[in-house]
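**Q** One structure, pasted below without further comment.
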Amino acid sequence: MASPKEADNNPDTPSSPRKIYKDPDDGRQRFLLELEFVQCLANPTYIHYLAQNRYFDDEAFIGYLKYLQYWQRPEYVKFIMYPHCLYFLELLQNVNFRNAMAHPGNKELAHRQQFFFWKNYRNNRMKHILPRPLPEPVTAPPAPAPPPQPPAQPVPAATLGMPAAPGAVPSPMPYGMPPGSAFGKSDIRSSGSDRRKRKKEV
């Protein structure tokens with residue numbers, strides 16, 4: 001049976017404790033370096049640089065990108081200042097995206113789409129958060145009803161200056177007759193002679 005000293009010197013024995021690496025500054029330096037690297041992934045030009053220099057061909061680097069996904073957890077995401085880096089970190093898990101980012105045209109496309117997102121993000125978000133009510137159909141206001149008129153009362157003929165008897169109304173026929181001898185001319189001399197004759201007869 002092995003003595004306790006031999007068991008401590010033999011690393012294969014189950015009773016020997018493993019040595020756990022501990023950062024001298026409690027991991028602060030490592031935290032800052034990984035935070036800086038993750039946020040660099042928000043730049044499509046930097047991703048293009050990594051693809052051009054064949055970093056994505058290294059299996060250890062691909063494993064490091066998988067490891068960095070812990071930044072998506074709520075307790076770490078609050079330290080991220082450029083949230084696009086998490087979106088690109090997720091895309092970098094796909095081999096097709098890693099290969100495509102080696103092409104300059106794809107880098108420019110990603111950069112343009114990122115710019116348009118920044119340009120329209122606030123307006124689009126406000127549309128979803130505070131949806132505008134649909135415009136109400138405009139209806140023409142109803143026309144005002146005319147004021148009720150009192151029934152017309154019959155007006156007496158005397159107030160109009162018209163003769164009351166219907167037979168006394170002058171006929172319009174004399175005004176439409178052609179000029180001529182429709183009416184006999186009154187002669188003063190003939191009317192005087194008639195008076196003399198009447199006196200004599202009396």
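In the structure tokens, the first chain shown is A, the next is B, and so on; residue numbers restart at 1 for each chain, and ligands run from 1 in the order shown.
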Enumerate the residues of segment 5-99 of chain A with a DSSP assignment of alpha helix (DSSP H), computed from the backbone, and present them as JSON, numbers by chain.

**A** {"A": [5, 6, 7, 8, 9, 28, 29, 30, 31, 32, 33, 34, 35, 36, 37, 38, 39, 40, 44, 45, 46, 47, 48, 49, 50, 51, 52, 59, 60, 61, 62, 63, 64, 65, 66, 67, 74, 75, 76, 77, 84, 85, 86, 87, 88, 89, 90, 91, 95, 96, 97, 98, 99]}

**Q** Give me, please, the distance in Å between atom CA of Glu108 of chain A and atom CA of Ala60 of chain A, quoted to one decimal.

**A** 27.5 Å

**Q** When you count only C-alpha atoms, which of these residues is closest to Gln93 of chain A: A:Asn106, A:Gln114, A:Gln69, A:Gln153?

**A** A:Gln69

**Q** Report, in Å with one decimal, the straight-line distance from atom CA of Gln29 of chain A to atom CA of Asn94 of chain A.

**A**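 The value is 29.0 Å.
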
**Q** Neighbours of Arg98 of chain A within 7 Å (only C-alpha atoms; same-chain residues fewer than 4 positions away dropped), as a PyMOL selection string?

**A** chain A and resi 51+56+92+94

**Q** Record the distance separating atom CA of Phe79 of chain A and atom CA of Leu109 of chain A, expressed in Å with one decimal.

**A** 27.8 Å

**Q** When you count only C-alpha atoms, which of these residues is closest to Cys85 of chain A: A:Gln149, A:Asn99, A:Gln113, A:Gln72?

**A**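 Counting only C-alpha atoms, the residue closest to Cys85 of chain A is A:Gln72.
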
**Q** Counting only C-alpha atoms, which residue out of A:Asp57, A:Cys40, A:Tyr64, A:Ala143 sits closest to Leu86 of chain A?

**A**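 With only C-alpha atoms as the atom set, the closest residue is A:Cys40.
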
**Q** Hey, which of A:Leu35, A:Ala102, A:Leu91, A:Asn120 ends up closest to Val77 of chain A? Count only C-alpha atoms.

**A** A:Leu35
